[in-house]
file data-v4.txt (compact mmCIF, C-alpha atoms)
# COMPACT_ATOMS: atom_id res chain seq x y z
CA MET A 27 1.85 -11.36 -14.23
CA THR A 28 2.30 -15.10 -13.90
CA GLU A 29 3.31 -16.81 -10.68
CA GLU A 30 6.67 -17.63 -12.28
CA GLU A 31 7.24 -13.95 -13.12
CA LYS A 32 6.25 -12.97 -9.57
CA SER A 33 8.72 -15.44 -8.08
CA SER A 34 11.57 -13.80 -10.02
CA ARG A 35 10.85 -10.34 -8.58
CA SER A 36 11.24 -8.70 -5.20
CA VAL A 37 8.05 -8.05 -3.25
CA ALA A 38 6.90 -5.28 -0.91
CA THR A 39 3.58 -4.94 0.91
CA PHE A 40 2.18 -1.63 2.16
CA GLY A 41 -1.04 -0.38 3.72
CA ALA A 42 -1.74 3.33 3.36
CA GLY A 43 -5.49 3.81 3.30
CA CYS A 44 -7.74 2.83 0.43
CA PHE A 45 -5.91 0.36 -1.76
CA TRP A 46 -7.32 1.98 -4.92
CA CYS A 47 -5.31 5.13 -4.16
CA VAL A 48 -2.14 3.35 -3.14
CA GLU A 49 -2.24 1.03 -6.15
CA ALA A 50 -2.62 4.01 -8.52
CA VAL A 51 0.50 5.68 -7.09
CA PHE A 52 2.81 2.67 -7.19
CA GLN A 53 1.70 1.53 -10.65
CA GLN A 54 3.24 4.75 -12.01
CA LEU A 55 6.79 4.05 -10.79
CA ASP A 56 9.59 2.81 -13.03
CA GLY A 57 10.74 -0.60 -11.91
CA VAL A 58 7.37 -1.62 -10.48
CA ARG A 59 6.30 -4.61 -12.53
CA HIS A 60 2.95 -5.46 -10.93
CA VAL A 61 0.71 -4.17 -8.15
CA GLU A 62 -2.13 -6.17 -6.63
CA SER A 63 -4.70 -4.94 -4.12
CA GLY A 64 -5.55 -7.23 -1.24
CA TYR A 65 -5.72 -7.82 2.48
CA MET A 66 -3.15 -8.70 5.13
CA GLY A 67 -2.58 -8.60 8.86
CA GLY A 68 -5.78 -10.11 10.18
CA ASP A 69 -7.08 -13.38 11.54
CA VAL A 70 -9.73 -14.33 8.97
CA ASP A 71 -8.80 -16.63 6.08
CA ASN A 72 -9.90 -15.54 2.60
CA PRO A 73 -11.67 -12.36 3.73
CA THR A 74 -14.07 -10.52 1.47
CA TYR A 75 -14.12 -6.77 0.95
CA ARG A 76 -17.37 -6.55 2.92
CA GLU A 77 -15.81 -8.44 5.86
CA VAL A 78 -12.67 -6.28 5.84
CA CYS A 79 -14.78 -3.09 5.67
CA SER A 80 -16.65 -4.22 8.78
CA GLY A 81 -13.41 -3.72 10.72
CA THR A 82 -13.77 -7.10 12.43
CA THR A 83 -11.19 -9.17 10.52
CA GLY A 84 -8.03 -7.39 11.65
CA HIS A 85 -6.94 -7.11 8.02
CA ALA A 86 -5.69 -3.93 6.41
CA GLU A 87 -6.30 -2.97 2.81
CA VAL A 88 -2.84 -3.38 1.27
CA ILE A 89 -1.05 -3.46 -2.01
CA GLN A 90 1.52 -6.04 -2.87
CA ILE A 91 4.20 -4.74 -5.21
CA TRP A 92 6.45 -6.89 -7.39
CA TYR A 93 9.42 -4.82 -8.46
CA ASP A 94 12.82 -5.02 -10.12
CA PRO A 95 15.38 -4.03 -7.45
CA GLU A 96 17.89 -3.17 -10.18
CA VAL A 97 15.54 -0.38 -11.30
CA ILE A 98 13.85 0.70 -8.06
CA SER A 99 15.00 -0.03 -4.52
CA PHE A 100 12.96 -0.93 -1.47
CA GLU A 101 14.20 2.36 0.04
CA THR A 102 12.75 4.30 -2.90
CA LEU A 103 9.43 2.48 -2.55
CA LEU A 104 9.39 3.52 1.11
CA ASP A 105 10.11 7.15 0.14
CA TRP A 106 7.04 7.04 -2.09
CA LEU A 107 5.00 5.47 0.70
CA TRP A 108 5.80 8.37 3.07
CA ARG A 109 4.93 10.93 0.38
CA SER A 110 1.73 9.25 -0.75
CA HIS A 111 -0.26 9.27 2.51
CA ASP A 112 -0.37 10.73 6.01
CA PRO A 113 1.45 8.23 8.23
CA THR A 114 0.61 10.25 11.36
CA THR A 115 -3.12 9.50 11.41
CA LEU A 116 -4.08 6.33 13.25
CA ASN A 117 -6.47 4.08 11.35
CA ARG A 118 -7.51 6.84 8.96
CA GLN A 119 -6.70 8.32 5.58
CA GLY A 120 -8.92 11.22 4.58
CA ALA A 121 -12.55 10.22 4.89
CA ASP A 122 -11.68 6.51 5.18
CA ALA A 123 -11.58 5.47 8.84
CA GLY A 124 -11.06 2.13 10.55
CA THR A 125 -8.26 -0.32 11.26
CA GLN A 126 -8.52 -1.59 7.68
CA TYR A 127 -7.09 1.78 6.52
CA ARG A 128 -4.09 1.75 8.86
CA SER A 129 -0.63 2.73 7.75
CA ALA A 130 1.52 -0.40 7.63
CA ILE A 131 4.67 -1.87 6.21
CA PHE A 132 4.60 -5.65 6.10
CA TYR A 133 8.21 -6.79 5.79
CA HIS A 134 9.13 -10.01 3.98
CA ASP A 135 12.57 -10.50 5.53
CA GLU A 136 14.86 -9.02 8.17
CA THR A 137 16.58 -6.78 5.65
CA GLN A 138 13.25 -5.15 4.76
CA ARG A 139 12.45 -4.77 8.46
CA THR A 140 15.74 -3.00 9.14
CA ILE A 141 15.37 -0.73 6.10
CA ALA A 142 11.74 0.06 6.99
CA GLU A 143 12.62 1.03 10.57
CA ALA A 144 15.47 3.29 9.39
CA SER A 145 13.25 4.85 6.75
CA LYS A 146 10.51 5.52 9.29
CA ASP A 147 13.02 7.17 11.64
CA ALA A 148 14.34 9.35 8.80
CA ALA A 149 10.84 10.25 7.57
CA GLN A 150 9.79 11.42 11.04
CA ALA A 151 11.73 14.68 10.52
CA LYS A 152 9.23 15.60 7.76
CA PHE A 153 6.17 15.36 10.03
CA ASP A 154 5.12 17.38 13.08
CA ALA A 155 3.12 14.53 14.62
CA PRO A 156 4.52 11.08 15.40
CA ILE A 157 4.41 8.52 12.59
CA VAL A 158 2.06 5.69 13.61
CA THR A 159 2.89 3.33 10.75
CA GLU A 160 3.18 -0.22 12.01
CA ILE A 161 6.09 -2.35 10.81
CA THR A 162 4.96 -5.96 10.97
CA GLU A 163 6.09 -9.27 9.54
CA ALA A 164 4.21 -10.15 6.37
CA ARG A 165 1.62 -12.85 6.68
CA THR A 166 -0.68 -14.42 4.14
CA PHE A 167 -1.66 -12.03 1.37
CA TYR A 168 -5.25 -12.40 0.22
CA PRO A 169 -5.90 -10.80 -3.18
CA ALA A 170 -8.92 -8.52 -3.26
CA GLU A 171 -11.82 -9.24 -5.56
CA ASN A 172 -11.20 -8.70 -9.29
CA TYR A 173 -13.15 -5.44 -9.46
CA HIS A 174 -10.63 -3.85 -7.06
CA GLN A 175 -7.64 -4.62 -9.28
CA ASP A 176 -6.33 -1.81 -11.53
CA TYR A 177 -9.20 0.27 -10.20
CA TYR A 178 -7.98 3.68 -11.32
CA ARG A 179 -6.89 2.44 -14.75
CA GLU A 180 -10.26 0.76 -15.28
CA ASN A 181 -12.45 3.46 -13.72
CA ALA A 182 -10.62 6.78 -14.19
CA SER A 183 -13.86 8.66 -14.86
CA ALA A 184 -15.60 7.38 -11.70
CA PRO A 185 -16.31 10.11 -9.12
CA TYR A 186 -13.93 8.66 -6.47
CA CYS A 187 -11.13 8.54 -9.02
CA GLN A 188 -11.81 12.10 -10.15
CA MET A 189 -12.13 13.58 -6.66
CA VAL A 190 -9.57 11.55 -4.67
CA ILE A 191 -7.10 9.58 -6.80
CA ARG A 192 -6.46 12.01 -9.67
CA PRO A 193 -5.66 14.97 -7.33
CA LYS A 194 -3.29 12.72 -5.36
CA LEU A 195 -1.47 11.67 -8.53
CA ARG A 196 -1.23 15.30 -9.65
CA LYS A 197 0.09 16.41 -6.25
CA LEU A 198 2.80 13.73 -6.51
CA ALA A 199 3.55 14.75 -10.14
CA LEU A 200 2.62 11.28 -11.36
CA GLU A 201 -0.08 12.44 -13.78
call {"tool": "encode", "arguments": {"input": "data-v4.txt", "output": "structure tokens"}}
result
Amino acid sequence: MTEEEKSSRSVATFGAGCFWCVEAVFQQLDGVRHVESGYMGGDVDNPTYREVCSGTTGHAEVIQIWYDPEVISFETLLDWLWRSHDPTTLNRQGADAGTQYRSAIFYHDETQRTIAEASKDAAQAKFDAPIVTEITEARTFYPAENYHQDYYRENASAPYCQMVIRPKLRKLALE
């Protein structure tokens, strides 16, 4: 997707564990035009995957989603976020642990912030434990290295994809 095409779409940014898994979920949704894995929320400019994995940058693994709001709403994207990961585990999703795997919604304007807070409140009824998802103003998005982009589509037969991503997509009836 070109920068011009991106500028004509709405954008959402979510952290929900490993960006490979999150990207694979959101790429399946009608109205989502482009998903890019990257980093946000930390204090290091242009971080590398190795730096983010060290847990010292403050960045989370995130996906940035460009979507057509006439086809899919921000509210619907949030519904998928709550279904696609466990928002009650602090800094952990499955075997992935550390602040870089935190559950986060990075809002791009006050409307998104308001919608995200209401969605979080409504989603709480579906969970026994408190939701720990942070709702934070979006900052600079740093795209992840090229080999992280479209990871499931490019590596569907890789063990991680077979054992983690594919079962998640099946559970969500996306594959």
call {"tool": "closest_residue", "arguments": {"input": "data-v4.txt", "among": "A:Asp112, A:Asp122, A:Glu62, A:Glu49", "to": "Cys79 (chain A)", "atoms": "only C-alpha atoms"}}
result
A:Asp122
call {"tool": "closest_atom_pairs", "arguments": {"input": "data-v4.txt", "of": "region 95-160 of chain A", "to": "region 164-184 of chain A", "cutoff": "6 Å", "atoms": "only C-alpha atoms", "output": "Markdown table"}}
result
| residue | atom | partner | partner_atom | distance |
| --- | --- | --- | --- | --- |
| A:Phe132 | CA | A:Ala164 | CA | 4.5 |
| A:Tyr133 | CA | A:Ala164 | CA | 5.3 |
| A:His134 | CA | A:Ala164 | CA | 5.5 |
call {"tool": "atom_distance", "arguments": {"input": "data-v4.txt", "atom1": "CA of Ala199 (chain A)", "atom2": "CA of Lys152 (chain A)"}}
result
18.8 Å
call {"tool": "atom_distance", "arguments": {"input": "data-v4.txt", "atom1": "CA of Ile131 (chain A)", "atom2": "CA of Gly41 (chain A)"}}
result
6.4 Å
call {"tool": "closest_residue", "arguments": {"input": "data-v4.txt", "among": "A:Ala50, A:Ile157, A:Cys187, A:Ile89", "to": "Gly64 (chain A)", "atoms": "all atoms listed in the file"}}
result
A:Ile89
call {"tool": "atom_distance", "arguments": {"input": "data-v4.txt", "atom1": "CA of Thr114 (chain A)", "atom2": "CA of Gly67 (chain A)"}}
result
19.3 Å
call {"tool": "decode", "arguments": {"input": "data-v4.txt", "residues": "region 149-166 of chain A", "atoms": "N, CA and C atoms", "output": "compact mmCIF listing (two decimals), in the first residue's frame"}}
result
# COMPACT_ATOMS: atom_id res chain seq x y z
N ALA A 149 -16.28 -5.03 27.31
CA ALA A 149 -15.61 -6.34 27.19
C ALA A 149 -15.34 -6.96 28.55
N GLN A 150 -15.18 -6.15 29.57
CA GLN A 150 -14.85 -6.67 30.91
C GLN A 150 -15.85 -7.73 31.36
N ALA A 151 -17.11 -7.62 30.97
CA ALA A 151 -18.14 -8.58 31.38
C ALA A 151 -17.85 -9.99 30.87
N LYS A 152 -17.00 -10.11 29.85
CA LYS A 152 -16.69 -11.42 29.25
C LYS A 152 -15.50 -12.10 29.92
N PHE A 153 -14.86 -11.43 30.87
CA PHE A 153 -13.65 -11.95 31.49
C PHE A 153 -13.81 -11.98 33.01
N ASP A 154 -13.29 -13.03 33.64
CA ASP A 154 -13.33 -13.13 35.09
C ASP A 154 -12.31 -12.21 35.77
N ALA A 155 -11.14 -12.10 35.16
CA ALA A 155 -10.07 -11.26 35.71
C ALA A 155 -10.15 -9.87 35.09
N PRO A 156 -9.58 -8.88 35.76
CA PRO A 156 -9.60 -7.52 35.21
C PRO A 156 -8.81 -7.42 33.90
N ILE A 157 -9.33 -6.67 32.96
CA ILE A 157 -8.61 -6.39 31.72
C ILE A 157 -7.48 -5.40 32.05
N VAL A 158 -6.27 -5.72 31.59
CA VAL A 158 -5.11 -4.88 31.87
C VAL A 158 -4.63 -4.11 30.63
N THR A 159 -5.40 -4.15 29.58
CA THR A 159 -5.04 -3.47 28.34
C THR A 159 -4.87 -1.98 28.58
N GLU A 160 -3.71 -1.46 28.19
CA GLU A 160 -3.49 -0.03 28.32
C GLU A 160 -4.12 0.69 27.12
N ILE A 161 -4.63 1.87 27.36
CA ILE A 161 -5.16 2.72 26.30
C ILE A 161 -4.33 3.99 26.34
N THR A 162 -3.50 4.16 25.31
CA THR A 162 -2.47 5.18 25.31
C THR A 162 -2.47 5.93 23.99
N GLU A 163 -2.15 7.19 24.03
CA GLU A 163 -2.06 7.97 22.80
C GLU A 163 -0.98 7.39 21.88
N ALA A 164 -1.31 7.28 20.61
CA ALA A 164 -0.35 6.77 19.63
C ALA A 164 0.85 7.71 19.53
N ARG A 165 1.99 7.09 19.37
CA ARG A 165 3.23 7.83 19.18
C ARG A 165 3.81 7.40 17.84
N THR A 166 5.07 7.58 17.65
CA THR A 166 5.70 7.20 16.39
C THR A 166 5.61 5.68 16.21
